[in-house]
Every structure is written in structure tokens, then in C-alpha cells.
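**Student:** What follows is a single structure, and I will ask about it in a moment.
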Amino acid sequence: HSNAFVCRRSSAEFVVWLASSDLLPAQGLIQQFKTAFSQGQMRALSERLWIEPSYVVCPLIGDNTAWQGVYQELDRQTHQKSPLSENELSEDNRPKDDAQSLQMIIPKQDWPQFFARCLSEKAITFEFQPIFRSDTRQQWFAECLMRIPYQDQQLQGFQVWPAIEQLKLTCAFDRLVVQAALMYLHANPEQKLSINICDQTLATSEFLPWFSHTMSNYPDLTDDLFIEVQESFLEYPQAINSLITLSATGVQLVLDRVVARQQTIESFVLLPIAAIKFDVDLLAHYVQSPQKSSMPGLATASLEPTPVIAGTEQQNLFISSLFTLANTCDVEIIIDGIETKQQFLRAEQLQMAGLQGFYIGRPVASCQQLLSKATHAALS
């Protein structure tokens, strides 16, 4: 279409702009997007990567320079209502807002008091999800999943973090997560744990000095702590310098939620990381091709084309490049999100270093339970 183009709005959001006075073709295209995102592997992938397509109608503009007005209209309509009819967008199909999910449990006006009390009382707990070595079938380390007790339930990360971000408390809670993880490691010296640190926290000027000082008080625990950093953090100014400072404390870094951005490939040799995480569904269209591998132990990815995913060939190239770079730089690859036998077999075929997911190891409530489940039946 001569009047259709795509622009990048943020690191995780793209706008498809259709300039047309006739809404019928646009509505047909919208329906195609809806169908694609609701079926099979695309549905699983969009849920895993938190992709929630939204559809809005903006007034036509005379030139391509008035983007601010377009964005304002997008924000206004996205937060008010969809231009699709109420019949088309039933309650079951509406995107579910995680912050709204928390609001159904705790009224929004009570959030500041609730989270302030959590911080003052250090009222967080962890569940621990094991990551296994694919060659030895033994536990490598365990990821700490933050939980906040509330009445008779445990609030999960996807429920509380959007509210924490809205209240600008990410750095305070990330500090609390670090302290809690060190406490668990001190009490369980046989364990290795990983924690996730938010992009916003890593970008603040006060976190890295605080973290360096804190880790200097626990020199015996640095080898046992992994810090998981999202790939999106690499878009921040001075991101590489921040990661180098973080790595200098002795902890190991894992690049998480990797979707193989070009920027990651270009700066890969500068990254002080020990491992990268790929979601198994992101690799759904790749099969092992050892005969094409140019390096021992590396299965070069090849693609089975699908008409549903736009730009798959380019992403295939990026992922293949990351596999090669990781092998060259001794960076290990973990395949995450393994929840079914089919996904497990797919991950096994790729022969990467680590495996993680509910199918091979569900989160448990204590480090002692991790020890008792060091080898899962699915890996036997």
C-alpha cells in the first residue's frame, strides 16, 4: 500500500499507519491482525513476549511531520476505548492490564500505603525456579521470583510491578530484592540464585554505587549471585558501562528476554555477560542443522518459513548471529519458557547450555525444596 508505513514509537512498541479515507480496507486489515495474534504459535508467542495489539483510528493529517499529534491521539483513544465496535471487542478479548488486575484486589488509592508498608517491613518472599544444565541434567542455579503476601494469597510479579513502576518505587524494591537474595544465599551456601533488576533501576545514578558497596560486604557470595538484565536495557545511554560496573562486583550477568535486536549483535563483544536467555517460542521455527555449523558444538539455526510472522527471515539471521557470537565469546545460552513436552523436545534439539520452564521444574517455596528436586523427572 503506497500510503502505509511503520514507525518505531519506543523500544517495545510499533505503530502501523494507514492513510486512507475508506475505513473498510483498514477494518479488514485489523481483522487479519486479530486473527493472526489469536491463533496457534503467534498467540503463544505474543503472550510470552507481552505483545498486546491495540487498534485505534486517528484523524488524517496533511503531512508526515505531525507525529506528536498522532501519538497524543493514540494515547487518548488507547486509554479511553477502542474504535472497534463493542460486539467485535467482547470483554473476553479485551487486553488485560496487569495494574488493573491488582486494582481488583487492592484499591488503587491504597497502593502508596500498601507498598510503603511492604518496604518498611521488608515484606517480600521468593519462589525459586530452577535452571538445569542440559548436559548433566543437574541444577545450575535458580531464579528468584518475587512474591508479596497479602491476606491469604501471594501477589505475583506481573501483578505488582506495574503498580511499583507507576509509584516510581522500582529502585527501592530492587534493593530489597538484592538484600533478600543475599540473605537466602547466606543461609543456603550450597545454592546459586539469580534476581531480575529493572531497566529503570539500573539507569539510576544511585543504584550501582549502592550495589557495589553492598556486595563488598559479601565477598563470599559474589560467585553465587546472577543478575538478570533485560535486553531492552541496552538502549539506555551508558548501558554497557553500567553492565561493566555491575560485573566488576563479581556477580555473573544474564541477558534476559532476548529477541535478538541488531544493537545487541553490534555491541555483543563488549557485553560482560555469562549467559543469554531465549524464550523457546521465539525459536519455534528453528531446527537443528549440525551439518551447516561452522563451530563445534553449535547447531546453526535454520528457518521453516511461515507467512504469519513478518520479518522472520531477518530475525532468523539475527538469532543465528547471536548463536555464533555466544559460542565465540564463551557465553552460554539458556532456553526459557519450556511448559510442554513438545517445547522440551524442541529445546533439547537445539543443544543449548541451560533449560528452564514449568515442564522441567516448577517454582518452589524454599531453597530446601530445590535441593530435594535437583533432578526433575522430565530430564531423567
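Starting from 1 in every chain, residues are counted up; chains themselves are A, B, ... following the order of the C-alpha cells, and ligands are numbered from 1 as listed.
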Output as a Markdown table one row per residue of range 122-195 of chain A within 10 Å of range 351-365 of chain A: the closest atom pair and its distance in Å to one decimal place, counting only C-alpha atoms, sorted by chain and residue number ascending.

**Tutor:**
| residue | atom | partner | partner_atom | distance |
| --- | --- | --- | --- | --- |
| A:Thr125 | CA | A:Ala365 | CA | 8.7 |
| A:Phe126 | CA | A:Ala365 | CA | 6.8 |
| A:Glu127 | CA | A:Ala365 | CA | 4.8 |
| A:Phe128 | CA | A:Pro363 | CA | 4.9 |
| A:Gln129 | CA | A:Pro363 | CA | 4.1 |
| A:Pro130 | CA | A:Gly361 | CA | 5.9 |
| A:Ile131 | CA | A:Gln356 | CA | 4.8 |
| A:Phe132 | CA | A:Leu355 | CA | 5.2 |
| A:Arg133 | CA | A:Gly354 | CA | 4.7 |
| A:Ser134 | CA | A:Gly354 | CA | 5.3 |
| A:Asp135 | CA | A:Ala353 | CA | 7.2 |
| A:Thr136 | CA | A:Ala353 | CA | 9.7 |
| A:Arg137 | CA | A:Leu355 | CA | 9.2 |
| A:Gln138 | CA | A:Gly354 | CA | 9.9 |
| A:Gln139 | CA | A:Gly354 | CA | 9.2 |
| A:Trp140 | CA | A:Gly354 | CA | 7.8 |
| A:Phe141 | CA | A:Gly354 | CA | 9.8 |
| A:Ala142 | CA | A:Pro363 | CA | 9.0 |
| A:Glu143 | CA | A:Pro363 | CA | 8.7 |
| A:Cys144 | CA | A:Pro363 | CA | 8.8 |
| A:Leu145 | CA | A:Pro363 | CA | 8.1 |

**Student:** Can you spit out the residues from that selection as a PDB file, in the first residue's frame, using N, CA and C atoms?

**Tutor:**
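Once everything was written out, this is out-v6.pdb:
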ATOM      1  N   THR A 125       8.667 -12.159  49.672  1.00  0.00           N
ATOM      2  CA  THR A 125       9.188 -13.513  49.717  1.00  0.00           C
ATOM      3  C   THR A 125       9.588 -13.911  48.301  1.00  0.00           C
ATOM      4  N   PHE A 126      10.187 -15.080  48.179  1.00  0.00           N
ATOM      5  CA  PHE A 126      10.576 -15.593  46.873  1.00  0.00           C
ATOM      6  C   PHE A 126       9.966 -16.969  46.651  1.00  0.00           C
ATOM      7  N   GLU A 127       9.703 -17.261  45.389  1.00  0.00           N
ATOM      8  CA  GLU A 127       9.637 -18.628  44.921  1.00  0.00           C
ATOM      9  C   GLU A 127      10.861 -18.825  44.039  1.00  0.00           C
ATOM     10  N   PHE A 128      11.331 -20.049  43.946  1.00  0.00           N
ATOM     11  CA  PHE A 128      12.587 -20.326  43.255  1.00  0.00           C
ATOM     12  C   PHE A 128      12.341 -21.296  42.104  1.00  0.00           C
ATOM     13  N   GLN A 129      12.664 -20.835  40.875  1.00  0.00           N
ATOM     14  CA  GLN A 129      12.504 -21.716  39.715  1.00  0.00           C
ATOM     15  C   GLN A 129      13.876 -22.179  39.235  1.00  0.00           C
ATOM     16  N   PRO A 130      14.106 -23.493  39.199  1.00  0.00           N
ATOM     17  CA  PRO A 130      15.430 -23.995  38.834  1.00  0.00           C
ATOM     18  C   PRO A 130      15.729 -23.877  37.345  1.00  0.00           C
ATOM     19  N   ILE A 131      16.991 -23.637  37.041  1.00  0.00           N
ATOM     20  CA  ILE A 131      17.514 -23.702  35.678  1.00  0.00           C
ATOM     21  C   ILE A 131      18.472 -24.885  35.647  1.00  0.00           C
ATOM     22  N   PHE A 132      18.294 -25.775  34.684  1.00  0.00           N
ATOM     23  CA  PHE A 132      19.071 -27.009  34.635  1.00  0.00           C
ATOM     24  C   PHE A 132      20.125 -26.952  33.541  1.00  0.00           C
ATOM     25  N   ARG A 133      21.249 -27.600  33.802  1.00  0.00           N
ATOM     26  CA  ARG A 133      22.242 -27.857  32.771  1.00  0.00           C
ATOM     27  C   ARG A 133      21.705 -28.947  31.854  1.00  0.00           C
ATOM     28  N   SER A 134      21.725 -28.693  30.552  1.00  0.00           N
ATOM     29  CA  SER A 134      21.159 -29.667  29.629  1.00  0.00           C
ATOM     30  C   SER A 134      22.047 -30.898  29.479  1.00  0.00           C
ATOM     31  N   ASP A 135      23.355 -30.768  29.734  1.00  0.00           N
ATOM     32  CA  ASP A 135      24.247 -31.918  29.556  1.00  0.00           C
ATOM     33  C   ASP A 135      24.267 -32.820  30.790  1.00  0.00           C
ATOM     34  N   THR A 136      24.333 -32.238  31.994  1.00  0.00           N
ATOM     35  CA  THR A 136      24.422 -33.046  33.209  1.00  0.00           C
ATOM     36  C   THR A 136      23.065 -33.350  33.833  1.00  0.00           C
ATOM     37  N   ARG A 137      22.018 -32.617  33.397  1.00  0.00           N
ATOM     38  CA  ARG A 137      20.675 -32.761  33.962  1.00  0.00           C
ATOM     39  C   ARG A 137      20.617 -32.320  35.424  1.00  0.00           C
ATOM     40  N   GLN A 138      21.590 -31.571  35.872  1.00  0.00           N
ATOM     41  CA  GLN A 138      21.626 -31.095  37.247  1.00  0.00           C
ATOM     42  C   GLN A 138      21.299 -29.608  37.305  1.00  0.00           C
ATOM     43  N   GLN A 139      20.849 -29.173  38.478  1.00  0.00           N
ATOM     44  CA  GLN A 139      20.505 -27.760  38.636  1.00  0.00           C
ATOM     45  C   GLN A 139      21.746 -26.886  38.512  1.00  0.00           C
ATOM     46  N   TRP A 140      21.609 -25.809  37.735  1.00  0.00           N
ATOM     47  CA  TRP A 140      22.692 -24.847  37.534  1.00  0.00           C
ATOM     48  C   TRP A 140      22.541 -23.723  38.553  1.00  0.00           C
ATOM     49  N   PHE A 141      21.423 -23.018  38.494  1.00  0.00           N
ATOM     50  CA  PHE A 141      21.067 -22.022  39.507  1.00  0.00           C
ATOM     51  C   PHE A 141      19.549 -21.898  39.508  1.00  0.00           C
ATOM     52  N   ALA A 142      19.014 -21.064  40.376  1.00  0.00           N
ATOM     53  CA  ALA A 142      17.558 -20.902  40.464  1.00  0.00           C
ATOM     54  C   ALA A 142      17.209 -19.425  40.394  1.00  0.00           C
ATOM     55  N   GLU A 143      16.160 -19.114  39.642  1.00  0.00           N
ATOM     56  CA  GLU A 143      15.707 -17.727  39.510  1.00  0.00           C
ATOM     57  C   GLU A 143      14.747 -17.383  40.652  1.00  0.00           C
ATOM     58  N   CYS A 144      14.993 -16.254  41.311  1.00  0.00           N
ATOM     59  CA  CYS A 144      14.130 -15.788  42.397  1.00  0.00           C
ATOM     60  C   CYS A 144      12.943 -15.024  41.815  1.00  0.00           C
ATOM     61  N   LEU A 145      11.751 -15.471  42.104  1.00  0.00           N
ATOM     62  CA  LEU A 145      10.523 -14.831  41.643  1.00  0.00           C
ATOM     63  C   LEU A 145       9.878 -14.134  42.836  1.00  0.00           C
TER      64      LEU A 145
END

**Student:** Which neighbours of range 155-164 of chain A fall inside 8 Å, counting only C-alpha atoms, when residues of the same chain fewer than 6 positions from it are skipped, and could you give them as a list of chain:residue names?

**Tutor:** A:Asp98, A:Ala99, A:Ser101, A:Leu102, A:Trp111, A:Phe115, A:Leu145, A:Met146, A:Arg147, A:Ile148, A:Pro149, A:Thr170

**Student:** So that I can check the secondary structure, give me every residue of range 68-237 of chain A assigned helix (DSSP H, G or I) by backbone DSSP, as a PyMOL selection string.

**Tutor:** chain A and resi 68-80+91-93+98-103+108-121+157-166+170-187+199-203+207-216+222-224+231-235

**Student:** Check the smallest atom-to-atom distance from each of A:Glu190, A:Glu348, A:Asp223, A:Glu206 to Leu283 in chain A using only C-alpha atoms, then report the winner.

**Tutor:** A:Glu348

**Student:** At a cut-off of 8 Å, can you tabulate as JSON lines every residue of range 192-245 of chain A near range 264-281 of chain A together with its closest atom pair and the distance in Å to one decimal, using only C-alpha atoms and ordering rows by chain then number?

**Tutor:**
{"residue": "A:Glu231", "atom": "CA", "partner": "A:Thr264", "partner_atom": "CA", "distance": 7.5}
{"residue": "A:Leu234", "atom": "CA", "partner": "A:Thr264", "partner_atom": "CA", "distance": 7.2}
{"residue": "A:Ile240", "atom": "CA", "partner": "A:Leu271", "partner_atom": "CA", "distance": 6.5}
{"residue": "A:Leu243", "atom": "CA", "partner": "A:Pro272", "partner_atom": "CA", "distance": 6.7}
{"residue": "A:Ile244", "atom": "CA", "partner": "A:Pro272", "partner_atom": "CA", "distance": 6.0}

**Student:** With only C-alpha atoms as the atoms that count, which of A:Met183, A:Val331, A:Ala347, A:Ala260 lies nearest to Asn316 in chain A?

**Tutor:**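 Distance minimum relative to Asn316 in chain A lands on A:Ala260.
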
**Student:** Nearest to Pro112 in chain A among A:Glu165, A:Glu235, A:Asp152, A:Asp174, with distances taken over only C-alpha atoms: which residue is it?

**Tutor:**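 Looking at the shortest contact to Pro112 in chain A, the residue is A:Glu165.
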